[in-house]
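With compact mmCIF, C-alpha atoms inside, this is my_file-v3.txt:
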# COMPACT_ATOMS: atom_id res chain seq x y z
CA GLU A 1091 46.91 145.97 71.64
CA ARG A 1092 44.81 147.61 74.38
CA GLN A 1093 43.99 144.25 75.90
CA ALA A 1094 47.65 143.23 75.84
CA VAL A 1095 48.61 146.49 77.57
CA ARG A 1096 45.99 145.84 80.24
CA ALA A 1097 47.40 142.36 80.80
CA ARG A 1098 50.88 143.75 81.35
CA ALA A 1099 49.52 146.53 83.57
CA ASN A 1100 47.98 143.91 85.88
CA ALA A 1101 51.16 141.87 85.94
CA VAL A 1102 54.09 142.35 88.30
CA PRO A 1103 57.33 143.35 86.56
CA ALA A 1104 60.27 141.09 87.34
CA GLN A 1105 63.87 142.26 87.66
CA PRO A 1106 65.24 143.74 84.40
CA VAL A 1107 67.33 141.39 82.30
CA ALA A 1108 71.03 142.19 82.13
CA PRO A 1109 72.44 143.31 78.77
CA ALA A 1110 73.69 140.51 76.56
CA ALA A 1111 77.45 140.10 76.95
CA ASP A 1112 78.14 139.59 73.25
CA THR A 1113 76.16 142.48 71.79
CA GLY A 1114 75.66 144.91 74.65
CA THR A 1115 72.00 145.20 73.61
CA LEU A 1116 69.28 145.17 76.25
CA MET A 1117 66.94 142.21 76.03
CA GLY A 1118 63.25 143.06 76.23
CA ASP A 1119 60.65 143.10 79.00
CA VAL A 1120 60.38 140.58 81.80
CA VAL A 1121 56.86 140.20 83.18
CA GLN A 1122 55.72 138.16 86.17
CA ILE A 1123 52.12 136.91 86.09
CA GLY A 1124 51.33 134.56 88.95
CA ASP A 1125 53.91 131.77 88.76
CA ALA A 1126 54.74 132.62 85.14
CA THR A 1127 57.92 134.54 84.27
CA LEU A 1128 57.71 135.83 80.69
CA TYR A 1129 60.68 137.17 78.75
CA HIS A 1130 60.39 139.29 75.62
CA GLY A 1131 63.66 138.69 73.81
CA ASP A 1132 65.88 136.21 72.01
CA CYS A 1133 66.17 132.80 73.68
CA LEU A 1134 69.80 132.63 72.49
CA GLU A 1135 70.57 135.46 74.91
CA ILE A 1136 68.14 134.58 77.69
CA LEU A 1137 68.59 130.80 78.09
CA PRO A 1138 72.18 131.06 79.43
CA THR A 1139 70.88 133.27 82.28
CA LEU A 1140 68.28 130.73 83.46
CA PRO A 1141 68.61 127.89 85.96
CA LYS A 1142 67.89 124.28 85.03
CA VAL A 1143 64.18 123.46 84.94
CA ASP A 1144 62.19 120.25 85.40
CA ALA A 1145 60.82 120.11 81.87
CA VAL A 1146 61.09 121.84 78.50
CA ILE A 1147 57.87 121.74 76.46
CA THR A 1148 58.03 123.81 73.29
CA ASP A 1149 57.07 124.22 69.63
CA PRO A 1150 60.03 125.84 67.84
CA PRO A 1151 60.04 127.16 64.26
CA TYR A 1152 61.01 124.53 61.71
CA GLY A 1153 60.98 126.36 58.39
CA MET A 1154 57.78 125.12 56.74
CA ALA A 1155 56.23 128.49 55.88
CA ASP A 1156 57.73 128.64 52.38
CA LEU A 1157 56.23 125.25 51.53
CA TRP A 1158 52.76 125.99 52.91
CA ASN A 1159 52.53 129.36 51.18
CA ALA A 1160 53.60 128.04 47.75
CA PRO A 1161 51.33 128.85 44.76
CA ASN A 1162 50.20 125.22 44.37
CA VAL A 1163 48.91 124.94 47.96
CA PRO A 1164 45.10 125.36 48.32
CA ARG A 1165 44.12 128.54 50.13
CA ARG A 1166 42.46 126.67 53.00
CA ARG A 1167 45.84 125.11 53.80
CA LYS A 1168 47.90 128.32 53.59
CA TRP A 1169 49.22 130.17 56.62
CA HIS A 1170 47.29 133.34 55.84
CA LEU A 1171 46.36 134.64 59.29
CA PHE A 1172 48.65 137.64 59.39
CA GLY A 1173 49.48 138.64 55.83
CA GLU A 1174 52.24 137.82 53.40
CA GLY A 1175 55.86 137.89 54.53
CA GLU A 1176 55.30 137.96 58.28
CA ILE A 1177 55.53 134.22 58.81
CA ILE A 1178 58.66 133.92 56.71
CA LYS A 1179 60.37 136.39 59.02
CA TRP A 1180 60.34 134.13 62.08
CA ASP A 1181 59.74 130.62 60.73
CA LYS A 1182 63.36 129.55 60.44
CA PRO A 1183 64.93 126.42 62.01
CA GLN A 1184 66.84 127.18 65.21
CA ASP A 1185 70.11 125.35 65.99
CA ILE A 1186 69.58 126.01 69.69
CA VAL A 1187 66.79 123.39 69.62
CA LEU A 1188 69.49 120.70 69.58
CA THR A 1189 70.71 121.91 73.00
CA LEU A 1190 67.31 121.84 74.70
CA PRO A 1191 67.65 118.22 75.99
CA LYS A 1192 70.51 119.49 78.18
CA LEU A 1193 68.25 121.99 79.97
CA ALA A 1194 65.90 119.55 81.69
CA ASP A 1195 65.41 115.89 82.51
CA LYS A 1196 62.16 115.82 80.53
CA VAL A 1197 61.85 117.44 77.10
CA VAL A 1198 59.00 117.62 74.57
CA ILE A 1199 59.74 119.31 71.22
CA TRP A 1200 56.94 119.65 68.69
CA GLY A 1201 58.22 119.34 65.14
CA GLY A 1202 61.16 117.35 66.44
CA GLN A 1203 61.25 115.34 63.19
CA PHE A 1204 62.70 118.43 61.48
CA TYR A 1205 65.75 118.37 63.77
CA THR A 1206 68.60 115.87 64.20
CA LEU A 1207 67.67 114.79 67.71
CA PRO A 1208 68.54 111.47 69.40
CA ILE A 1209 66.41 108.41 68.67
CA SER A 1210 63.23 108.38 70.74
CA ARG A 1211 60.71 105.67 71.59
CA ALA A 1212 58.22 108.12 73.07
CA TRP A 1213 56.95 110.26 70.21
CA LEU A 1214 53.74 112.17 70.95
CA VAL A 1215 51.14 112.63 68.19
CA TRP A 1216 48.49 115.31 67.84
CA ASN A 1217 45.76 113.74 65.70
CA LYS A 1218 43.69 116.55 64.18
CA ILE A 1219 40.85 114.10 63.37
CA ILE A 1220 39.42 115.95 60.35
CA ARG A 1221 41.19 115.02 57.12
CA ASN A 1222 42.00 117.29 54.13
CA PHE A 1223 41.44 120.45 56.15
CA SER A 1224 44.75 121.77 57.42
CA THR A 1225 48.45 121.60 56.59
CA GLY A 1226 48.67 118.09 58.04
CA VAL A 1227 46.41 115.46 59.56
CA CYS A 1228 48.68 115.18 62.59
CA GLU A 1229 51.77 116.69 64.20
CA LEU A 1230 54.66 114.96 65.97
CA ALA A 1231 56.60 115.81 69.10
CA TRP A 1232 60.02 114.34 69.91
CA THR A 1233 60.53 113.50 73.58
CA ASN A 1234 63.20 111.97 75.76
CA LEU A 1235 60.54 110.28 77.89
CA ASN A 1236 60.73 106.60 78.71
CA ARG A 1237 57.27 105.50 77.57
CA PRO A 1238 55.49 104.17 74.48
CA ILE A 1239 54.26 106.43 71.68
CA ASP A 1240 50.92 108.11 72.44
CA ALA A 1241 48.32 110.19 70.56
CA PHE A 1242 45.97 113.04 71.45
CA ASP A 1243 42.77 113.63 69.45
CA TYR A 1244 41.78 117.28 69.04
CA SER A 1245 40.30 118.80 65.89
CA HIS A 1246 41.01 122.14 64.27
CA GLY A 1247 37.37 123.00 64.88
CA GLN A 1248 37.97 122.72 68.61
CA LEU A 1249 41.07 124.91 68.29
CA ALA A 1250 39.03 127.52 66.41
CA ILE A 1251 36.56 127.64 69.29
CA GLU A 1252 39.45 128.05 71.71
CA GLY A 1253 40.60 131.05 69.63
CA LYS A 1254 43.54 130.76 67.25
CA VAL A 1255 45.78 133.84 67.30
CA HIS A 1256 49.07 132.37 66.03
CA PRO A 1257 49.69 130.43 62.78
CA THR A 1258 51.26 127.43 64.55
CA GLN A 1259 49.34 127.70 67.83
CA LYS A 1260 48.97 124.53 69.88
CA PRO A 1261 45.71 123.86 71.76
CA VAL A 1262 45.82 124.36 75.52
CA PRO A 1263 44.39 120.84 76.17
CA LEU A 1264 47.23 119.41 74.06
CA MET A 1265 49.82 121.19 76.19
CA VAL A 1266 48.07 120.05 79.38
CA TRP A 1267 48.38 116.50 78.01
CA CYS A 1268 52.10 117.04 77.35
CA ILE A 1269 52.64 118.30 80.90
CA HIS A 1270 50.91 115.23 82.33
CA HIS A 1271 53.23 113.02 80.27
CA ALA A 1272 56.26 114.95 81.57
CA SER A 1273 55.13 114.83 85.20
CA PRO A 1274 56.21 115.04 87.88
CA CYS A 1275 57.52 118.48 86.98
CA GLU A 1276 57.25 121.72 88.94
CA THR A 1277 58.87 124.28 86.61
CA ILE A 1278 58.36 124.18 82.83
CA LEU A 1279 60.26 126.19 80.21
CA ASP A 1280 59.06 127.13 76.73
CA PRO A 1281 61.80 129.09 74.89
CA PHE A 1282 59.56 129.56 71.81
CA MET A 1283 56.43 130.67 73.67
CA GLY A 1284 54.43 132.05 70.74
CA ALA A 1285 50.90 132.85 71.91
CA GLY A 1286 51.50 131.22 75.29
CA SER A 1287 49.52 127.97 75.20
CA THR A 1288 52.12 126.17 77.35
CA GLY A 1289 51.93 129.00 79.89
CA VAL A 1290 48.13 128.84 80.00
CA ALA A 1291 48.33 125.08 80.55
CA CYS A 1292 50.80 125.62 83.41
CA ALA A 1293 48.52 128.23 85.00
CA ASN A 1294 45.59 125.83 84.81
CA LEU A 1295 47.62 123.03 86.41
CA GLY A 1296 49.35 125.15 89.05
CA ARG A 1297 52.85 124.71 87.59
CA LYS A 1298 55.59 127.33 87.43
CA PHE A 1299 56.32 128.57 83.92
CA ILE A 1300 59.17 130.35 82.16
CA GLY A 1301 58.38 131.57 78.65
CA ILE A 1302 60.49 133.38 76.05
CA GLU A 1303 59.14 135.04 72.91
CA ILE A 1304 61.08 137.25 70.48
CA GLU A 1305 58.11 138.71 68.57
CA ARG A 1306 56.54 141.63 70.44
CA LYS A 1307 53.03 140.99 69.12
CA TYR A 1308 52.96 137.39 70.27
CA PHE A 1309 54.60 138.25 73.58
CA ASP A 1310 51.75 140.67 74.26
CA ILE A 1311 49.18 138.04 73.28
CA ALA A 1312 50.82 135.47 75.55
CA CYS A 1313 50.79 137.93 78.47
CA GLU A 1314 47.09 138.52 77.95
CA ARG A 1315 46.18 134.83 77.64
CA ILE A 1316 48.19 133.79 80.70
CA ASP A 1317 46.83 136.72 82.72
CA ASN A 1318 43.30 135.68 81.75
CA ALA A 1319 44.02 132.09 82.82
CA TYR A 1320 45.05 133.27 86.30
CA ARG A 1321 42.02 135.56 86.51
CA GLN A 1322 39.71 132.66 85.73
CA LYS A 1323 41.40 130.51 88.37
CA ARG A 1324 40.85 133.24 90.99
CA MET A 1325 37.24 133.63 89.86
CA PHE A 1326 36.43 129.97 90.42
CA ALA A 1327 38.71 129.37 93.42

Re-express the file's structure as C-alpha cells.
Amino acid sequence: ERQAVRARANAVPAQPVAPAADTGTLMGDVVQIGDATLYHGDCLEILPTLPKVDAVITDPPYGMADLWNAPNVPRRRKWHLFGEGEIIKWDKPQDIVLTLPKLADKVVIWGGQFYTLPISRAWLVWNKIIRNFSTGVCELAWTNLNRPIDAFDYSHGQLAIEGKVHPTQKPVPLMVWCIHHASPCETILDPFMGAGSTGVACANLGRKFIGIEIERKYFDIACERIDNAYRQKRMFA
C-alpha cells in the first residue's frame, strides 16, 4: 500500500471525472503518469466519456473462478493468490465487452471465446509451454485484425520472475506482442486494466495509454507498475 501511495504521489492528477449521469455517484481517481491516463472506476460509466482510440487491448473477466476453485481442482491449479471469495466478487462476464469493437479500429480481447463476438481469422494464442501446471496450457485472444492466427511462447515460470500480483495477470512481453500486432496505433485503451500489464507495455513502447480499473487494490498496483516503467525509461534514456 505504501508503494502504491508513493506511485500516485509521483504522478500528476488529471482533471476530476464528472459524476455519472445515471447514478449521480462520483467515479474514482484519475491519475496521469507520463502518457498513461488511469481511471479508478467502473468502465460502464467511464467509457462513454472517452474519445475513440486507435486500439483496444484488454483481458476482461469471463466467469471462470467458480470452476477453477471447485473442490475437485488440484491446489496448484486453483486461483488462491488472494484468499477465498475475492476472485468471485469481480470475475463475472461483462456485456460491455461486446461493444468494444466499436471503440477502435483494432481490438484484441483475451478470453474472447467466452463471448459472442464476430467470427475472426486472427486469433492470438499465448502458449504457456509447460504442461499440467496451470489452469490451461494456453489462452486465446479474439481480434478483428486481418492476419493469420499467431502464437506467443511464454511460460508461467517467466511470469513468476516478472512478478505475478493478479490472478489473471498477463505478461508484459505478451502485451508488447499484442501491441505490435495491432500497430500502427498511437493510443491504446484497456477498460479492464487489472494490474496494468498493458499500460507497462505501452510505457515501454512509447504509446499513449488509457486504463480503467474498478478494484482499488489493483488500480494502486497498476499505478505503481506503470510509474516504475516510466522511471526505468528515464533511468536508461

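Shortest separation to Pro1274 in chain A among A:Val1143, A:Cys1133, A:Ile1300, A:Ile1199 occurs at residue A:Val1143, atoms counted being all atoms listed in the file.
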
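Shortest atom-to-atom contact with Lys1218 in chain A among A:Gly1247, A:Gly1124, A:Pro1151, A:Gly1289: A:Gly1247, counting all atoms listed in the file.
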
**Prompt:** If you count all atoms listed in the file, which residues fall within 9 Å of range 1125-1131 of chain A, apart from same-chain ones fewer than 4 positions away, as a ChimeraX atom specification?
**Reply:** /A:1104,1107,1116-1121,1135-1136,1283,1289,1292-1293,1296-1306,1309-1310,1312-1313,1316

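Near Tyr1308 in chain A, within 8 Å and counting all atoms listed in the file, sit His1256, Gly1284, Ala1285 and Glu1303 of chain A, not including residues fewer than 5 positions from it in the same chain.
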
Put those residues in a file: C-alpha atoms, as a PDB file, in the frame of the given file.
ATOM      1  CA  HIS A1256      49.070 132.370  66.030  1.00  0.00           C
ATOM      2  CA  GLY A1284      54.430 132.050  70.740  1.00  0.00           C
ATOM      3  CA  ALA A1285      50.900 132.850  71.910  1.00  0.00           C
ATOM      4  CA  GLU A1303      59.140 135.040  72.910  1.00  0.00           C
TER       5      GLU A1303
END

**Request:** Considering all atoms listed in the file, return as a PyMOL selection string whatever protein or nucleic-acid residues lie within 8 Å of range 1270-1273 of chain A, sequence-local ones (same chain, fewer than 4 positions apart) excluded.
**Result:** chain A and resi 1145+1196-1198+1235+1266

Those same residues, written as an mmCIF file, in the frame of the given file with C-alpha atoms?
data_model
loop_
_atom_site.group_PDB
_atom_site.id
_atom_site.type_symbol
_atom_site.label_atom_id
_atom_site.label_comp_id
_atom_site.auth_asym_id
_atom_site.auth_seq_id
_atom_site.Cartn_x
_atom_site.Cartn_y
_atom_site.Cartn_z
ATOM 1 C CA ALA A 1145 60.820 120.110 81.870
ATOM 2 C CA LYS A 1196 62.160 115.820 80.530
ATOM 3 C CA VAL A 1197 61.850 117.440 77.100
ATOM 4 C CA VAL A 1198 59.000 117.620 74.570
ATOM 5 C CA LEU A 1235 60.540 110.280 77.890
ATOM 6 C CA VAL A 1266 48.070 120.050 79.380
#

**Message:** I'd like the interatomic distance between CA of Thr1233 in chain A and CA of Gly1286 in chain A, to a tenth of an Å.
**Reply:** 20.0 Å

**Message:** If I take CA of Asn1234 in chain A and CA of Cys1268 in chain A, how far is one from the other in Å, to one decimal?
**Reply:** 12.3 Å

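Distance check against Pro1238 in chain A using only C-alpha atoms: of A:Ser1210, A:Asn1217, A:Asn1222, A:Gln1259, the minimum falls on A:Ser1210.
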
**Request:** Please indicate the distance in Å from CA of Leu1264 in chain A to CA of Thr1139 in chain A, rounded to one decimal place.
**Result:** 28.6 Å
